[in-house]
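A quick write-up on the structure given underneath.
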Amino acid sequence: MALILNLIVQGAQMALVLLLAPLLTGVVRLMKARLMGRRGPSPLQPYRDLLRLTRKEAVLAENASWLFRTAPYLVFAMIWVAASLIPTFATGLIFSWSADLIAIVALLGSARFFLALAGMDIGTSFGGIGSSREMMIASLAEPAMLMIVFTVSLVAGSTQLSTVAAFMQGPDVGLRVSLALALIGLVIVAIAENARIPVDNPATHLELTMVHEAMVLEYSGRHLAMIEAASALKLLLYVSLIACLFAPFGMATAAAGPVAYAAGALAYGGKLLGGGLLLALFETSIAKMRVFRVPEFLGVALMLGLLGLVLLFVTRSL
Amino acid sequence: MLIVAALAILCLILLGLCGPLHGRLGHATSIAYAGAAGATAVLLLMGLAALIGAAGAAPVTASLSVGLPWLGAHFRIDALSAYFMVVVNLGGLAASIYGIGYGEHERQPGRVLAFFPAFLAGMNMVLLADDAFAFLLSWEFMSLSSWLLVVANHRQPDNLHAGYVYLVMASMGTFALLLGFGLLAGPEGGYAFETIRAAAPGSGRAAIVLALALLGAGSKAGIVPLHAWLPLAHPAAPSHVSALMSGVMTKVAVYGFVRIAFDLLGPPDWWWGLVVLVLGGITAVMGVLYALMQHDLKRLLAYHTVENIGIIYIGLGLALAFQAQGHAGVAALGLAAGLLHVLNHSLFKSLLFFGSGAVLVATGERDMERLGGLIHRMPATALYFLVGCAAISALPPLNGFVSEWMTFQAILLSPQLPDWTLRFAVPAVGAILALSAALAATCFVKAFGIVFLGRPRSLEAAAAREADRWQLGSMGALAALCVVVGVVPGLFVDLLGPVTQLLVGDRLGPQLGLPWLTLVPVAEARSSYNGLLLLLFIAFSTVAPALLIHRYATRATRRGALWDCGTPTSDPAAQYSAGSFAQPIRRVFGAMVFHAREHVDMPQPGETRAARFHVDLRDLAWDFFYDPVARGVSAVAGRMNHLQFLTIRRYLTLVFGALVLLLMVLAVWH
């Protein structure tokens, strides 16, 4: 019985992240538009876009290979799996032991790997520039992310996300400098990984400024839909991760019953809304930086992560 | 058991006769490689049997009365050598099968055939040796046979230079090992490993031996700054030999280091781990940064070997540090991580070199700037190469990720270490490991993207043909093994149990009995990883949406011209090249790490010549290490030169003086 319940919770989790992800993107877009003084599209617009794209004919370049056609599905799958392993409204996910935080970071790395390859498949200069810059950003963001993961894991004594989330809800956390550093670092990494301003601009198609969009320029139809869904999922993943690690209140514990689950879901919705609002505020209040300023920006995240980690190493067992 | 091994090794050496007989004997190439495959298969099975049976049984030993008269030659198979026998002969078997097809394209097959089986035999002999004399003899045999393979294509001037540098470094390494074993054996000359093990050296002597082992075995493995020969020599050899040298011979070097540091030297001091750890970290990040800057496919792969050796040494360093503090359980984790990476790296690096060999045969090109679009012409090779690229970039659910994950787990346990220096060094090394993993992914996006994707950049690339079935079979098997190790890592971690038990006195808990084949190194609440479930999840979430969309939305596809933001050019030269792909990384790290200088030679208005862009990269190891040493040696040699032209009287005086000096030293010594 407990097993079935757990399976239901895990299934609900997978469905929930998939259903909510476009909404989060839509909400962020709407809020940005409002902050800029525009009316903006309905928050449901991303759903319509996705449905329209899946029904459209896919146009492939003549020399597109099988990798180009499978990459969108693979990328979507990897990010979806990673997103459904992060506790959203309840901890104690049944499959959380199959991949810990390090594996989740590496799964995102796998997704990026295939997307960057797909960007180079047609052999256009835009695809190449996008892939090259995306990998440059990632090669600094991923170690920064791992440092943050290490910091959090050392505090909680586990890399298992469920255990970490349970620990963060508990009374033993307290205020720690390392965790504060990790939070700042994680926000920086999240901005860079999701191709948001100031690292990249998700709305632009201006040649010189785009990174992520340049990489997926050749995609259309259902393939583009999968990639759009994947990037929406990735944004949701990072917001959930930050919420799960640093704002775990309201989250239901394992097998807590439907009332707690409903409360957890409500709290989760509130956190997503808050995260989206903060992101929109941040994005409208800052200008995009030049590509070669990005390494310095990410270097800050890496150093913060490392600093937090060293602090923990030094203060442990004194 | 050792008799079978000896027979197999003898067979390998005899197979070398196919080299001179080539031309007279019909299928000399096939016979040599098939024979080598058979012999390595036997050795592989023996290694596996010894490893599985090693848990309770005493190691198999034998001694022959050849070699030094008072010593004889000792041979032994324990868990450590059995494990490395598996690694070496797995790579050897794959290379032999690959060679059946690849050898047909060799310009002078006789020069390769004669030494290829001998090289395999030499590596096996190193693993079996149980005394310093046999070890050094086998080591030198391995070095020389591989050197002969490096200069197999001696008509290319670069290869001769590579061979020269390799020979110098190999002799230096053997010399360091010779001194190290001499110190271990002591004045009584107890050269048998058993005697050395019994007489643990004092901490001062042990420190010198460790340094010599790092110098000797480390130069063979390619530790920075002793790596300089490796990216020259490995690519110069024929591709299946490159695979053996990069994927397998470096592992024999790791074996040499592990044998000395963990087995012969006795309990470690606390700082040994620190030294090995820091060296490993530097090696990992420098290796991958150099690799990123290479545009020669095989040289890129060779530099990546340097990176992976660094990762292995990080695992070994953690094991040494924990062992010194008495945390045998965590030491076993670090050691298992390093040794699992030994297996993993031998799998995917052999696979990648085979792939580069297939590309070389198909196009005659190693320069990435002249390749491209091969995924259309060589689909199977492309698929296998892609698996290798993903595995070496440590992407789940493949095998490279498992060993790096285990290393990270060991790093996360190191706040238990009481020493302050280690506490600062370990997180820094963790950051370096994370950085090099991310850079490796960048590097292999570049390698695969430039070589196999895009449009062909030369006529040769456009006319490439798929590799033959032997090559494809060998690559396919290795790719499958990469997936298997990634999906059921527990099986291989369990195989490592007797090895860690032997070396650090503890082992990881049994993994195979756990539900769903999960990997749980310490405790489930702490960390666990399940490649199988991850693979199933990814497969399900890839296939299900694809099927749903194809069934209920649309599956209509149209082929059209490429879009490229509305400005397509038909010239393949307009694509991103390997150099341009690496440019952002060069901008970020280049000035510091490589002293990178970019020169743009822009013609004045009115001039008709082309603009030129030139990047100048330096290998700092050459600038600060090799060149000064070479200049010093050359200067001393110049000074000593006039000693060649003395009269007989002066020579006699010199001899007499030297004799008196030595006698005086001897008198003072006692």
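By order in the structure tokens, chains are A, B, ...; within a chain, residues start at 1; ligands start at 1, following the order shown.
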* To do: List every residue of stretch 88-272 of chain A that DSSP, applied to the backbone of this structure, places in alpha helix (DSSP H), and write the result as a PyMOL selection string.
  => chain A and resi 101-121+125-156+161-169+177-193+212-215+221-246+258-272
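Counting only C-alpha atoms, A:Ser178 has the following residues at most 8 Å away, ignoring those fewer than 5 positions along the same chain: Thr151, Leu307, Gly308, Leu309, Leu311 and Leu312 of chain A.
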Please dump the current selection as a compact mmCIF listing (two decimals), in the first residue's frame; keep N, CA, C and O atoms.
```txt
# COMPACT_ATOMS: atom_id res chain seq x y z
N THR A 151 28.81 21.75 -0.79
CA THR A 151 28.58 22.51 0.44
C THR A 151 27.31 22.02 1.13
O THR A 151 27.31 21.69 2.32
N LEU A 307 34.56 28.77 -1.46
CA LEU A 307 34.75 29.39 -0.15
C LEU A 307 33.86 28.72 0.89
O LEU A 307 34.30 28.38 1.99
N GLY A 308 32.59 28.52 0.51
CA GLY A 308 31.66 27.86 1.42
C GLY A 308 32.16 26.47 1.79
O GLY A 308 32.12 26.05 2.95
N LEU A 309 32.68 25.77 0.79
CA LEU A 309 33.16 24.41 1.01
C LEU A 309 34.37 24.39 1.93
O LEU A 309 34.44 23.61 2.89
N LEU A 311 35.20 26.64 4.08
CA LEU A 311 34.75 27.00 5.43
C LEU A 311 34.24 25.77 6.17
O LEU A 311 34.56 25.53 7.33
N LEU A 312 33.47 24.97 5.45
CA LEU A 312 32.92 23.76 6.08
C LEU A 312 34.02 22.78 6.44
O LEU A 312 34.03 22.20 7.52
```
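Counting only C-alpha atoms, the residue from A:Pro258, A:Gly264, A:Gly269, A:Gly109 that sits nearest to chain B is A:Gly109.
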Env of stretch 98-101 of chain B: 6 Å cut, atoms = only C-alpha atoms, seq-sep filter 5 positions within chain, self excluded. Answer as a CSV table (one decimal) with C-alpha atoms, in the first residue's frame.
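Contents of result_34.csv, as written:
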```
chain,number,residue,atom,x,y,z
B,30,SER,CA,45.5,-12.0,-39.9
B,33,TYR,CA,46.4,-10.4,-34.9
B,470,TRP,CA,36.6,-6.2,-37.6
B,471,GLN,CA,37.1,-2.5,-36.7
B,474,SER,CA,35.8,-4.2,-31.8
```
* Contacts of stretch 524-536 of chain B at 7 Å or less, counting only C-alpha atoms, minus same-chain residues fewer than 4 places along, as a PyMOL selection string? -> (chain A and resi 97-100+157-160+163) or (chain B and resi 397+486-488+517-520+540)
For stretch 375-381 of chain B, list every protein, DNA or RNA residue within 10 Å, evaluated using only C-alpha atoms, and leave out those in the same chain fewer than 6 positions away; present the list as a CSV table (one decimal) with C-alpha atoms, in the first residue's frame.
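So the final result, stored in result.csv, reads:
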```csv
chain,number,residue,atom,x,y,z
A,63,ASN,CA,22.1,17.3,-44.2
A,64,ALA,CA,20.4,16.9,-40.8
A,65,SER,CA,21.5,13.6,-39.3
A,66,TRP,CA,19.7,11.2,-36.9
A,67,LEU,CA,21.4,12.9,-34.0
A,121,ASP,CA,25.0,19.1,-36.8
B,351,LEU,CA,37.3,3.0,-28.3
B,352,LEU,CA,38.1,6.6,-29.1
B,354,PHE,CA,39.9,3.0,-32.7
B,355,GLY,CA,37.4,5.6,-33.9
B,356,SER,CA,40.2,8.0,-34.8
B,358,ALA,CA,38.8,4.4,-38.6
B,359,VAL,CA,38.6,8.1,-39.5
B,362,ALA,CA,38.7,6.5,-44.3
B,387,VAL,CA,29.3,6.6,-26.9
B,448,PHE,CA,32.6,14.9,-32.1
B,449,GLY,CA,31.0,18.0,-33.5
B,451,VAL,CA,34.8,15.6,-37.0
B,452,PHE,CA,31.4,13.9,-37.4
B,453,LEU,CA,28.8,16.6,-37.6
B,454,GLY,CA,28.4,19.6,-39.9
B,455,ARG,CA,29.4,19.5,-43.5
B,456,PRO,CA,32.6,17.9,-44.9
B,461,ALA,CA,36.0,13.7,-45.7
B,462,ALA,CA,33.2,13.9,-48.3
B,463,ALA,CA,34.4,10.6,-49.8
B,464,ALA,CA,34.9,8.7,-46.6
B,465,ARG,CA,33.9,5.1,-46.3
B,466,GLU,CA,32.7,3.1,-43.3
B,467,ALA,CA,35.2,1.0,-41.5
B,468,ASP,CA,35.3,-2.8,-42.0
B,471,GLN,CA,37.1,-2.5,-36.7
B,472,LEU,CA,33.3,-2.0,-36.1
B,473,GLY,CA,33.0,-5.2,-34.1
B,475,MET,CA,34.5,-0.6,-31.4
B,476,GLY,CA,30.9,-1.9,-30.8
```
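If you count only C-alpha atoms and ignore residues fewer than 4 places along the chain from B:Ala337, what sits within 7 Å of it is Gly315, Leu333, His341, Ser403, Met406 and Thr407 of chain B.
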Write a file of the selected residues as a PDB file, in the first residue's frame, keeping N, CA and C atoms.
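Saved to again.pdb:
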```
ATOM      1  N   GLY B 315      42.103   9.751  -7.073  1.00  0.00           N
ATOM      2  CA  GLY B 315      41.550   8.634  -6.294  1.00  0.00           C
ATOM      3  C   GLY B 315      42.620   7.966  -5.453  1.00  0.00           C
ATOM      4  N   LEU B 333      37.258   3.192  -0.608  1.00  0.00           N
ATOM      5  CA  LEU B 333      36.405   3.904  -1.573  1.00  0.00           C
ATOM      6  C   LEU B 333      37.248   4.686  -2.580  1.00  0.00           C
ATOM      7  N   HIS B 341      38.248   3.710 -12.425  1.00  0.00           N
ATOM      8  CA  HIS B 341      38.517   4.633 -13.526  1.00  0.00           C
ATOM      9  C   HIS B 341      39.606   4.087 -14.447  1.00  0.00           C
ATOM     10  N   SER B 403      32.870   6.325 -11.947  1.00  0.00           N
ATOM     11  CA  SER B 403      34.116   6.422 -11.194  1.00  0.00           C
ATOM     12  C   SER B 403      34.341   7.856 -10.693  1.00  0.00           C
ATOM     13  N   MET B 406      32.217   8.249  -7.652  1.00  0.00           N
ATOM     14  CA  MET B 406      32.817   7.619  -6.470  1.00  0.00           C
ATOM     15  C   MET B 406      33.950   8.477  -5.915  1.00  0.00           C
ATOM     16  N   THR B 407      34.735   9.093  -6.816  1.00  0.00           N
ATOM     17  CA  THR B 407      35.797   9.983  -6.340  1.00  0.00           C
ATOM     18  C   THR B 407      35.198  11.154  -5.567  1.00  0.00           C
TER      19      THR B 407
END
```
* To do: Determine which residues of stretch 48-291 of chain A receive a DSSP assignment of strand (DSSP E), computed from the backbone, and state them as an NGL selection string.
  => :A and (58-61)
Export, as a PDB file, in the first residue's frame, the selected residues with N, CA, C and O atoms.
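Listed below is the output, selection03.pdb:
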```
ATOM      1  N   ALA A  58       7.696  19.454 -39.292  1.00  0.00           N
ATOM      2  CA  ALA A  58       9.077  19.795 -38.951  1.00  0.00           C
ATOM      3  C   ALA A  58       9.879  19.968 -40.227  1.00  0.00           C
ATOM      4  O   ALA A  58       9.827  19.115 -41.108  1.00  0.00           O
ATOM      5  N   VAL A  59      10.583  21.084 -40.336  1.00  0.00           N
ATOM      6  CA  VAL A  59      11.429  21.303 -41.509  1.00  0.00           C
ATOM      7  C   VAL A  59      12.873  21.036 -41.114  1.00  0.00           C
ATOM      8  O   VAL A  59      13.394  21.649 -40.187  1.00  0.00           O
ATOM      9  N   LEU A  60      13.484  20.078 -41.793  1.00  0.00           N
ATOM     10  CA  LEU A  60      14.869  19.721 -41.479  1.00  0.00           C
ATOM     11  C   LEU A  60      15.762  20.168 -42.627  1.00  0.00           C
ATOM     12  O   LEU A  60      15.354  20.134 -43.786  1.00  0.00           O
ATOM     13  N   ALA A  61      16.986  20.570 -42.269  1.00  0.00           N
ATOM     14  CA  ALA A  61      17.948  20.870 -43.318  1.00  0.00           C
ATOM     15  C   ALA A  61      18.298  19.571 -44.036  1.00  0.00           C
ATOM     16  O   ALA A  61      18.163  18.482 -43.473  1.00  0.00           O
TER      17      ALA A  61
END
```
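Rounded to one decimal, atom CA of A:Arg112 and atom CA of A:Ile137 lie 11.0 Å from each other.
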* Skip stretch 87-94 of chain B itself and residues of its chain fewer than 2 positions away, then list as a PyMOL selection string all residues within 7 Å of it, counting only C-alpha atoms. => chain B and resi 37+40-41+43-44+83-85+96-98+120+244+248+343+346-347+350+474
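Counting from atom CA of B:Arg587, the distance to atom CA of A:Leu186 is 24.5 Å.
In this structure, atom CA of A:Ala165 sits 16.9 Å away from atom CA of A:Leu272.
With distances restricted to only C-alpha atoms, B:Lys446 is the closest residue to chain A from B:Lys446, B:Arg612, B:Arg259, B:His670.
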